[in-house]
file work_9.cif (mmCIF, C-alpha atoms)
data_work
loop_
_atom_site.group_PDB
_atom_site.id
_atom_site.type_symbol
_atom_site.label_atom_id
_atom_site.label_comp_id
_atom_site.auth_asym_id
_atom_site.auth_seq_id
_atom_site.Cartn_x
_atom_site.Cartn_y
_atom_site.Cartn_z
ATOM 1 C CA MET A 5 76.024 92.479 178.957
ATOM 2 C CA ILE A 6 76.511 89.713 176.488
ATOM 3 C CA ALA A 7 79.590 88.878 174.472
ATOM 4 C CA GLY A 8 79.661 90.230 170.959
ATOM 5 C CA PRO A 9 81.125 88.756 167.792
ATOM 6 C CA ASP A 10 84.621 90.029 168.614
ATOM 7 C CA ALA A 11 84.790 87.961 171.822
ATOM 8 C CA TYR A 12 83.808 84.847 169.879
ATOM 9 C CA ALA A 13 86.279 85.681 167.092
ATOM 10 C CA ILE A 14 89.220 85.898 169.509
ATOM 11 C CA ILE A 15 88.241 82.745 171.386
ATOM 12 C CA LYS A 16 87.715 80.749 168.196
ATOM 13 C CA HIS A 17 90.938 82.024 166.643
ATOM 14 C CA TYR A 18 93.197 81.251 169.588
ATOM 15 C CA GLU A 19 91.496 78.141 170.947
ATOM 16 C CA SER A 20 91.169 76.478 167.526
ATOM 17 C CA LEU A 21 88.510 73.875 166.895
ATOM 18 C CA ARG A 22 89.382 70.330 167.921
ATOM 19 C CA LEU A 23 86.602 67.799 167.381
ATOM 20 C CA SER A 24 88.429 65.067 169.329
ATOM 21 C CA SER A 25 89.344 65.304 173.000
ATOM 22 C CA TYR A 26 92.934 66.238 173.812
ATOM 23 C CA LEU A 27 95.072 67.383 176.717
ATOM 24 C CA ASP A 28 95.935 71.081 176.811
ATOM 25 C CA PRO A 29 99.472 72.157 177.831
ATOM 26 C CA LYS A 30 98.484 71.929 181.504
ATOM 27 C CA GLY A 31 97.142 68.393 181.040
ATOM 28 C CA ILE A 32 93.455 69.361 181.185
ATOM 29 C CA ALA A 33 91.041 67.338 179.052
ATOM 30 C CA THR A 34 89.658 69.674 176.395
ATOM 31 C CA ILE A 35 87.456 69.530 173.291
ATOM 32 C CA GLY A 36 85.878 71.916 170.812
ATOM 33 C CA TRP A 37 86.964 75.527 171.240
ATOM 34 C CA GLY A 38 88.629 75.182 174.640
ATOM 35 C CA HIS A 39 85.769 73.411 176.447
ATOM 36 C CA THR A 40 86.841 71.692 179.668
ATOM 37 C CA GLY A 41 84.982 70.020 182.488
ATOM 38 C CA GLY A 42 83.756 66.704 183.808
ATOM 39 C CA ASP A 43 81.895 65.979 180.589
ATOM 40 C CA VAL A 44 85.143 65.738 178.579
ATOM 41 C CA HIS A 45 86.614 62.228 178.440
ATOM 42 C CA PHE A 46 88.846 60.044 176.253
ATOM 43 C CA PRO A 47 88.208 59.083 173.589
ATOM 44 C CA MET A 48 85.539 61.615 172.692
ATOM 45 C CA THR A 49 84.445 63.399 169.551
ATOM 46 C CA VAL A 50 81.908 66.136 168.910
ATOM 47 C CA SER A 51 80.417 67.631 165.778
ATOM 48 C CA ARG A 52 81.080 71.236 164.807
ATOM 49 C CA GLU A 53 77.524 72.064 165.889
ATOM 50 C CA GLU A 54 78.056 70.448 169.301
ATOM 51 C CA ALA A 55 81.349 72.344 169.688
ATOM 52 C CA MET A 56 79.496 75.590 168.931
ATOM 53 C CA ARG A 57 76.832 74.726 171.528
ATOM 54 C CA LEU A 58 79.529 74.035 174.143
ATOM 55 C CA LEU A 59 81.280 77.306 173.291
ATOM 56 C CA ALA A 60 78.041 79.272 173.603
ATOM 57 C CA GLU A 61 77.334 77.673 177.011
ATOM 58 C CA ASP A 62 80.871 78.370 178.215
ATOM 59 C CA VAL A 63 80.742 81.989 177.043
ATOM 60 C CA HIS A 64 77.340 82.432 178.677
ATOM 61 C CA PHE A 65 78.835 81.240 181.980
ATOM 62 C CA VAL A 66 81.709 83.735 181.615
ATOM 63 C CA GLU A 67 79.260 86.544 180.787
ATOM 64 C CA HIS A 68 77.225 85.769 183.903
ATOM 65 C CA GLN A 69 80.316 85.774 186.127
ATOM 66 C CA LEU A 70 81.705 88.982 184.625
ATOM 67 C CA ASN A 71 78.375 90.758 184.934
ATOM 68 C CA ARG A 72 78.701 90.201 188.686
ATOM 69 C CA MET A 73 82.399 91.182 188.837
ATOM 70 C CA LEU A 74 82.456 94.254 186.640
ATOM 71 C CA ILE A 75 80.676 96.878 188.698
ATOM 72 C CA ARG A 76 81.652 99.909 186.650
ATOM 73 C CA GLU A 77 79.125 101.381 184.247
ATOM 74 C CA PRO A 78 78.924 101.909 181.427
ATOM 75 C CA ILE A 79 81.118 99.218 179.937
ATOM 76 C CA ALA A 80 81.991 99.539 176.269
ATOM 77 C CA GLN A 81 81.255 96.446 174.170
ATOM 78 C CA ASN A 82 84.868 96.208 172.969
ATOM 79 C CA GLN A 83 86.125 96.240 176.565
ATOM 80 C CA PHE A 84 83.621 93.591 177.639
ATOM 81 C CA ASP A 85 84.488 91.387 174.651
ATOM 82 C CA ALA A 86 88.216 91.603 175.392
ATOM 83 C CA ILE A 87 87.638 90.732 179.052
ATOM 84 C CA VAL A 88 85.317 87.842 178.092
ATOM 85 C CA SER A 89 88.022 86.298 175.891
ATOM 86 C CA TRP A 90 90.631 86.741 178.621
ATOM 87 C CA ALA A 91 88.413 85.335 181.410
ATOM 88 C CA PHE A 92 87.334 82.424 179.191
ATOM 89 C CA ASN A 93 91.004 81.522 178.866
ATOM 90 C CA ILE A 94 92.248 82.047 182.430
ATOM 91 C CA GLY A 95 89.075 81.118 184.320
ATOM 92 C CA CYS A 96 86.565 83.293 186.123
ATOM 93 C CA GLY A 97 87.985 82.537 189.578
ATOM 94 C CA ARG A 98 91.371 83.932 188.633
ATOM 95 C CA ALA A 99 89.758 86.824 186.766
ATOM 96 C CA GLY A 100 87.753 87.827 189.833
ATOM 97 C CA LYS A 101 90.909 88.112 191.939
ATOM 98 C CA SER A 102 92.895 89.933 189.254
ATOM 99 C CA THR A 103 94.411 93.375 189.190
ATOM 100 C CA LEU A 104 92.925 93.798 185.701
ATOM 101 C CA VAL A 105 89.347 93.596 187.035
ATOM 102 C CA ARG A 106 90.193 95.779 190.047
ATOM 103 C CA LEU A 107 91.744 98.490 187.885
ATOM 104 C CA PHE A 108 88.907 98.317 185.365
ATOM 105 C CA ASN A 109 86.330 98.756 188.114
ATOM 106 C CA LEU A 110 88.297 101.776 189.368
ATOM 107 C CA GLY A 111 88.094 103.315 185.898
ATOM 108 C CA ASP A 112 91.815 103.025 185.144
ATOM 109 C CA ASP A 113 91.524 101.758 181.574
ATOM 110 C CA LYS A 114 95.156 102.398 180.674
ATOM 111 C CA GLU A 115 96.571 100.286 183.490
ATOM 112 C CA ALA A 116 93.825 97.660 183.132
ATOM 113 C CA ALA A 117 94.792 97.312 179.462
ATOM 114 C CA ASN A 118 98.424 96.770 180.421
ATOM 115 C CA GLU A 119 97.387 93.948 182.751
ATOM 116 C CA PHE A 120 96.355 91.763 179.797
ATOM 117 C CA LEU A 121 100.018 91.411 178.896
ATOM 118 C CA ARG A 122 100.879 89.899 182.289
ATOM 119 C CA TRP A 123 98.762 86.796 181.537
ATOM 120 C CA ASN A 124 100.966 85.151 178.909
ATOM 121 C CA SER A 125 102.257 82.185 180.901
ATOM 122 C CA CYS A 126 101.057 79.253 182.949
ATOM 123 C CA LYS A 127 102.501 76.775 185.392
ATOM 124 C CA ILE A 128 103.369 73.388 183.990
ATOM 125 C CA HIS A 129 104.814 70.852 186.425
ATOM 126 C CA GLY A 130 105.613 73.713 188.816
ATOM 127 C CA GLN A 131 107.476 75.753 186.208
ATOM 128 C CA THR A 132 106.193 79.046 184.794
ATOM 129 C CA VAL A 133 106.201 78.758 181.007
ATOM 130 C CA LYS A 134 105.542 81.685 178.652
ATOM 131 C CA PHE A 135 103.669 80.876 175.467
ATOM 132 C CA LYS A 136 103.949 82.887 172.255
ATOM 133 C CA GLY A 137 100.320 82.036 171.495
ATOM 134 C CA LEU A 138 99.222 83.514 174.833
ATOM 135 C CA THR A 139 101.335 86.607 174.218
ATOM 136 C CA ASN A 140 99.671 87.038 170.819
ATOM 137 C CA ARG A 141 96.227 86.500 172.318
ATOM 138 C CA ARG A 142 96.837 89.034 175.096
ATOM 139 C CA ASN A 143 98.037 91.599 172.564
ATOM 140 C CA THR A 144 94.869 91.017 170.525
ATOM 141 C CA GLU A 145 92.669 91.351 173.622
ATOM 142 C CA ARG A 146 94.510 94.494 174.693
ATOM 143 C CA GLN A 147 94.152 96.026 171.243
ATOM 144 C CA LEU A 148 90.413 95.323 171.215
ATOM 145 C CA PHE A 149 90.080 96.669 174.761
ATOM 146 C CA THR A 150 91.883 99.933 174.000
ATOM 147 C CA SER A 151 90.862 100.697 170.420
ATOM 148 C CA GLY A 152 87.820 98.627 169.616
ATOM 149 C CA LEU A 153 89.686 97.263 166.608
ATOM 150 C CA LEU A 154 90.033 93.525 166.189
ATOM 151 C CA ALA A 155 93.031 92.145 164.349
ATOM 152 C CA VAL A 156 92.612 88.371 164.090
#
call {"tool": "encode", "arguments": {"input": "work_9.cif", "output": "structure tokens"}}
result
Amino acid sequence: MIAGPDAYAIIKHYESLRLSSYLDPKGIATIGWGHTGGDVHFPMTVSREEAMRLLAEDVHFVEHQLNRMLIREPIAQNQFDAIVSWAFNIGCGRAGKSTLVRLFNLGDDKEAANEFLRWNSCKIHGQTVKFKGLTNRRNTERQLFTSGLLAV
């Protein structure tokens, strides 16, 4: 499967476009709509078009990884889009080891949907910190996953 417009809408809404490199809350060099990696340095700027290219490449990578992880068929587009946004944010390695993916593959949509809400924090300097923005994002992803309706 490929990500639909709803996956891109959530990612773009919650990542926000930053044309200059910055450090995310975990101290990871980031640019564009949440692009990270060895190609991000300081100082660095990109155009909106370059940011869109980076986002498309990053989403394509997530799609490829999820298409290997999600073994259940069929997969509804709204469910795939919600999982793409979530995996884009937390990383495919963590997604692959998650209870959310395990429950989804077992066909337990209700419990898989509830798992989105558990991913609203991250470790910063060894401390677990909850973020309102992550809570909002997870609620949006969960709503898309369960109802197919996007509210961003």
call {"tool": "resolve_selection", "arguments": {"input": "work_9.cif", "expression": "the PyMOL selection byres ((chain A and resi 66-69) around 10)", "output": "list of chain:residue names"}}
result
A:Met5, A:Ile6, A:Ala7, A:Ala60, A:Glu61, A:Asp62, A:Val63, A:His64, A:Phe65, A:Leu70, A:Asn71, A:Arg72, A:Met73, A:Leu74, A:Phe84, A:Asp85, A:Ile87, A:Val88, A:Ser89, A:Trp90, A:Ala91, A:Phe92, A:Asn93, A:Gly95, A:Cys96, A:Gly97, A:Ala99, A:Gly100
call {"tool": "resolve_selection", "arguments": {"input": "work_9.cif", "expression": "the PyMOL selection byres ((chain A and resi 34-45) around 9)", "output": "NGL selection string"}}
result
:A and (15-28 or 31-33 or 46-52 or 54-56 or 58-59 or 62 or 92-93)
call {"tool": "atom_distance", "arguments": {"input": "work_9.cif", "atom1": "atom CA of A:Ile75", "atom2": "atom CA of A:Glu119"}}
result
18.0 Å
call {"tool": "resolve_selection", "arguments": {"input": "work_9.cif", "expression": "the PyMOL selection byres ((chain A and resi 146) around 12)", "output": "PyMOL selection string"}}
result
chain A and resi 14+82-90+104+113-123+138-145+147-155
call {"tool": "atom_distance", "arguments": {"input": "work_9.cif", "atom1": "atom CA of A:Ala11", "atom2": "atom CA of A:Arg57"}}
result
15.4 Å
call {"tool": "axis_aligned_box", "arguments": {"input": "work_9.cif", "around": "stretch 112-128 of chain A", "padding_each_side": "8 Å", "output": "AutoDock Vina command-line options"}}
result
--center_x 97.4 --center_y 88.2 --center_z 182.1 --size_x 27.8 --size_y 45.6 --size_z 22.5
call {"tool": "atom_distance", "arguments": {"input": "work_9.cif", "atom1": "atom CA of A:Pro9", "atom2": "atom CA of A:Arg98"}}
result
23.7 Å
call {"tool": "closest_residue", "arguments": {"input": "work_9.cif", "among": "A:Lys127, A:Ser102, A:Tyr12, A:Thr132", "to": "A:Lys30", "atoms": "all atoms listed in the file"}}
result
A:Lys127
call {"tool": "decode", "arguments": {"input": "work_9.cif", "residues": "stretch 11-50 of chain A", "atoms": "N, CA and C atoms", "output": "PDB file, in the first residue's frame"}}
result
ATOM      1  N   ALA A  11      -2.578  10.589   5.546  1.00  0.00           N
ATOM      2  CA  ALA A  11      -1.287  10.377   6.230  1.00  0.00           C
ATOM      3  C   ALA A  11      -0.430  11.631   6.105  1.00  0.00           C
ATOM      4  N   TYR A  12      -0.354  12.164   4.887  1.00  0.00           N
ATOM      5  CA  TYR A  12       0.429  13.388   4.673  1.00  0.00           C
ATOM      6  C   TYR A  12      -0.153  14.557   5.454  1.00  0.00           C
ATOM      7  N   ALA A  13      -1.478  14.659   5.521  1.00  0.00           N
ATOM      8  CA  ALA A  13      -2.106  15.774   6.238  1.00  0.00           C
ATOM      9  C   ALA A  13      -1.743  15.747   7.722  1.00  0.00           C
ATOM     10  N   ILE A  14      -1.788  14.565   8.331  1.00  0.00           N
ATOM     11  CA  ILE A  14      -1.438  14.471   9.759  1.00  0.00           C
ATOM     12  C   ILE A  14       0.033  14.811   9.963  1.00  0.00           C
ATOM     13  N   ILE A  15       0.900  14.206   9.168  1.00  0.00           N
ATOM     14  CA  ILE A  15       2.333  14.459   9.317  1.00  0.00           C
ATOM     15  C   ILE A  15       2.623  15.951   9.157  1.00  0.00           C
ATOM     16  N   LYS A  16       2.107  16.551   8.105  1.00  0.00           N
ATOM     17  CA  LYS A  16       2.389  17.965   7.850  1.00  0.00           C
ATOM     18  C   LYS A  16       1.812  18.858   8.951  1.00  0.00           C
ATOM     19  N   HIS A  17       0.639  18.507   9.452  1.00  0.00           N
ATOM     20  CA  HIS A  17       0.029  19.315  10.502  1.00  0.00           C
ATOM     21  C   HIS A  17       0.849  19.278  11.792  1.00  0.00           C
ATOM     22  N   TYR A  18       1.237  18.087  12.207  1.00  0.00           N
ATOM     23  CA  TYR A  18       1.903  17.963  13.508  1.00  0.00           C
ATOM     24  C   TYR A  18       3.413  18.170  13.449  1.00  0.00           C
ATOM     25  N   GLU A  19       4.031  17.933  12.325  1.00  0.00           N
ATOM     26  CA  GLU A  19       5.470  18.159  12.224  1.00  0.00           C
ATOM     27  C   GLU A  19       5.772  19.638  11.967  1.00  0.00           C
ATOM     28  N   SER A  20       4.893  20.322  11.285  1.00  0.00           N
ATOM     29  CA  SER A  20       5.096  21.716  10.888  1.00  0.00           C
ATOM     30  C   SER A  20       6.307  21.833   9.970  1.00  0.00           C
ATOM     31  N   LEU A  21       6.246  22.766   9.076  1.00  0.00           N
ATOM     32  CA  LEU A  21       7.327  22.977   8.117  1.00  0.00           C
ATOM     33  C   LEU A  21       8.345  23.937   8.684  1.00  0.00           C
ATOM     34  N   ARG A  22       9.588  23.478   8.752  1.00  0.00           N
ATOM     35  CA  ARG A  22      10.705  24.326   9.190  1.00  0.00           C
ATOM     36  C   ARG A  22      11.762  24.261   8.102  1.00  0.00           C
ATOM     37  N   LEU A  23      12.012  25.398   7.461  1.00  0.00           N
ATOM     38  CA  LEU A  23      12.941  25.445   6.331  1.00  0.00           C
ATOM     39  C   LEU A  23      14.396  25.580   6.764  1.00  0.00           C
ATOM     40  N   SER A  24      14.632  25.807   8.046  1.00  0.00           N
ATOM     41  CA  SER A  24      15.987  25.854   8.601  1.00  0.00           C
ATOM     42  C   SER A  24      16.155  24.707   9.585  1.00  0.00           C
ATOM     43  N   SER A  25      17.347  24.156   9.645  1.00  0.00           N
ATOM     44  CA  SER A  25      17.599  23.030  10.549  1.00  0.00           C
ATOM     45  C   SER A  25      17.419  23.476  12.002  1.00  0.00           C
ATOM     46  N   TYR A  26      16.964  22.526  12.820  1.00  0.00           N
ATOM     47  CA  TYR A  26      16.722  22.776  14.235  1.00  0.00           C
ATOM     48  C   TYR A  26      16.893  21.463  14.991  1.00  0.00           C
ATOM     49  N   LEU A  27      16.945  21.563  16.302  1.00  0.00           N
ATOM     50  CA  LEU A  27      16.990  20.373  17.146  1.00  0.00           C
ATOM     51  C   LEU A  27      15.592  20.097  17.665  1.00  0.00           C
ATOM     52  N   ASP A  28      15.131  18.856  17.508  1.00  0.00           N
ATOM     53  CA  ASP A  28      13.824  18.484  18.060  1.00  0.00           C
ATOM     54  C   ASP A  28      13.957  18.334  19.576  1.00  0.00           C
ATOM     55  N   PRO A  29      12.862  18.061  20.293  1.00  0.00           N
ATOM     56  CA  PRO A  29      12.946  17.973  21.758  1.00  0.00           C
ATOM     57  C   PRO A  29      13.948  16.931  22.275  1.00  0.00           C
ATOM     58  N   LYS A  30      14.251  15.924  21.461  1.00  0.00           N
ATOM     59  CA  LYS A  30      15.227  14.923  21.880  1.00  0.00           C
ATOM     60  C   LYS A  30      16.647  15.292  21.468  1.00  0.00           C
ATOM     61  N   GLY A  31      16.813  16.444  20.822  1.00  0.00           N
ATOM     62  CA  GLY A  31      18.132  16.895  20.402  1.00  0.00           C
ATOM     63  C   GLY A  31      18.568  16.345  19.051  1.00  0.00           C
ATOM     64  N   ILE A  32      17.630  15.891  18.242  1.00  0.00           N
ATOM     65  CA  ILE A  32      17.941  15.319  16.934  1.00  0.00           C
ATOM     66  C   ILE A  32      17.823  16.409  15.872  1.00  0.00           C
ATOM     67  N   ALA A  33      18.862  16.537  15.049  1.00  0.00           N
ATOM     68  CA  ALA A  33      18.855  17.520  13.970  1.00  0.00           C
ATOM     69  C   ALA A  33      17.744  17.191  12.983  1.00  0.00           C
ATOM     70  N   THR A  34      16.918  18.197  12.688  1.00  0.00           N
ATOM     71  CA  THR A  34      15.700  18.005  11.911  1.00  0.00           C
ATOM     72  C   THR A  34      15.514  19.187  10.967  1.00  0.00           C
ATOM     73  N   ILE A  35      14.831  18.931   9.849  1.00  0.00           N
ATOM     74  CA  ILE A  35      14.499  20.001   8.899  1.00  0.00           C
ATOM     75  C   ILE A  35      13.245  19.591   8.143  1.00  0.00           C
ATOM     76  N   GLY A  36      12.612  20.560   7.503  1.00  0.00           N
ATOM     77  CA  GLY A  36      11.424  20.268   6.708  1.00  0.00           C
ATOM     78  C   GLY A  36      10.273  19.840   7.592  1.00  0.00           C
ATOM     79  N   TRP A  37       9.572  18.795   7.153  1.00  0.00           N
ATOM     80  CA  TRP A  37       8.475  18.218   7.932  1.00  0.00           C
ATOM     81  C   TRP A  37       8.990  16.997   8.679  1.00  0.00           C
ATOM     82  N   GLY A  38       9.863  17.211   9.667  1.00  0.00           N
ATOM     83  CA  GLY A  38      10.319  16.118  10.508  1.00  0.00           C
ATOM     84  C   GLY A  38      11.384  15.236   9.894  1.00  0.00           C
ATOM     85  N   HIS A  39      12.121  15.739   8.889  1.00  0.00           N
ATOM     86  CA  HIS A  39      13.175  14.929   8.270  1.00  0.00           C
ATOM     87  C   HIS A  39      14.419  14.935   9.158  1.00  0.00           C
ATOM     88  N   THR A  40      14.935  13.740   9.428  1.00  0.00           N
ATOM     89  CA  THR A  40      16.159  13.578  10.205  1.00  0.00           C
ATOM     90  C   THR A  40      17.125  12.714   9.421  1.00  0.00           C
ATOM     91  N   GLY A  41      18.351  12.654   9.863  1.00  0.00           N
ATOM     92  CA  GLY A  41      19.322  11.781   9.220  1.00  0.00           C
ATOM     93  C   GLY A  41      20.663  12.475   9.062  1.00  0.00           C
ATOM     94  N   GLY A  42      21.611  11.748   8.531  1.00  0.00           N
ATOM     95  CA  GLY A  42      22.972  12.241   8.376  1.00  0.00           C
ATOM     96  C   GLY A  42      23.100  13.400   7.412  1.00  0.00           C
ATOM     97  N   ASP A  43      22.087  13.626   6.602  1.00  0.00           N
ATOM     98  CA  ASP A  43      22.145  14.734   5.646  1.00  0.00           C
ATOM     99  C   ASP A  43      21.688  16.062   6.250  1.00  0.00           C
ATOM    100  N   VAL A  44      21.238  16.052   7.501  1.00  0.00           N
ATOM    101  CA  VAL A  44      20.807  17.287   8.163  1.00  0.00           C
ATOM    102  C   VAL A  44      21.974  17.821   8.979  1.00  0.00           C
ATOM    103  N   HIS A  45      22.326  19.081   8.749  1.00  0.00           N
ATOM    104  CA  HIS A  45      23.450  19.697   9.471  1.00  0.00           C
ATOM    105  C   HIS A  45      23.090  21.139   9.816  1.00  0.00           C
ATOM    106  N   PHE A  46      23.989  21.806  10.519  1.00  0.00           N
ATOM    107  CA  PHE A  46      23.790  23.201  10.932  1.00  0.00           C
ATOM    108  C   PHE A  46      24.887  24.064  10.351  1.00  0.00           C
ATOM    109  N   PRO A  47      24.615  25.227   9.886  1.00  0.00           N
ATOM    110  CA  PRO A  47      23.276  25.691   9.530  1.00  0.00           C
ATOM    111  C   PRO A  47      22.873  25.066   8.196  1.00  0.00           C
ATOM    112  N   MET A  48      21.590  24.938   7.993  1.00  0.00           N
ATOM    113  CA  MET A  48      21.076  24.341   6.758  1.00  0.00           C
ATOM    114  C   MET A  48      19.698  24.915   6.487  1.00  0.00           C
ATOM    115  N   THR A  49      19.423  25.172   5.231  1.00  0.00           N
ATOM    116  CA  THR A  49      18.083  25.588   4.827  1.00  0.00           C
ATOM    117  C   THR A  49      17.678  24.776   3.600  1.00  0.00           C
ATOM    118  N   VAL A  50      16.379  24.618   3.434  1.00  0.00           N
ATOM    119  CA  VAL A  50      15.829  23.956   2.259  1.00  0.00           C
ATOM    120  C   VAL A  50      14.658  24.788   1.753  1.00  0.00           C
TER     121      VAL A  50
END
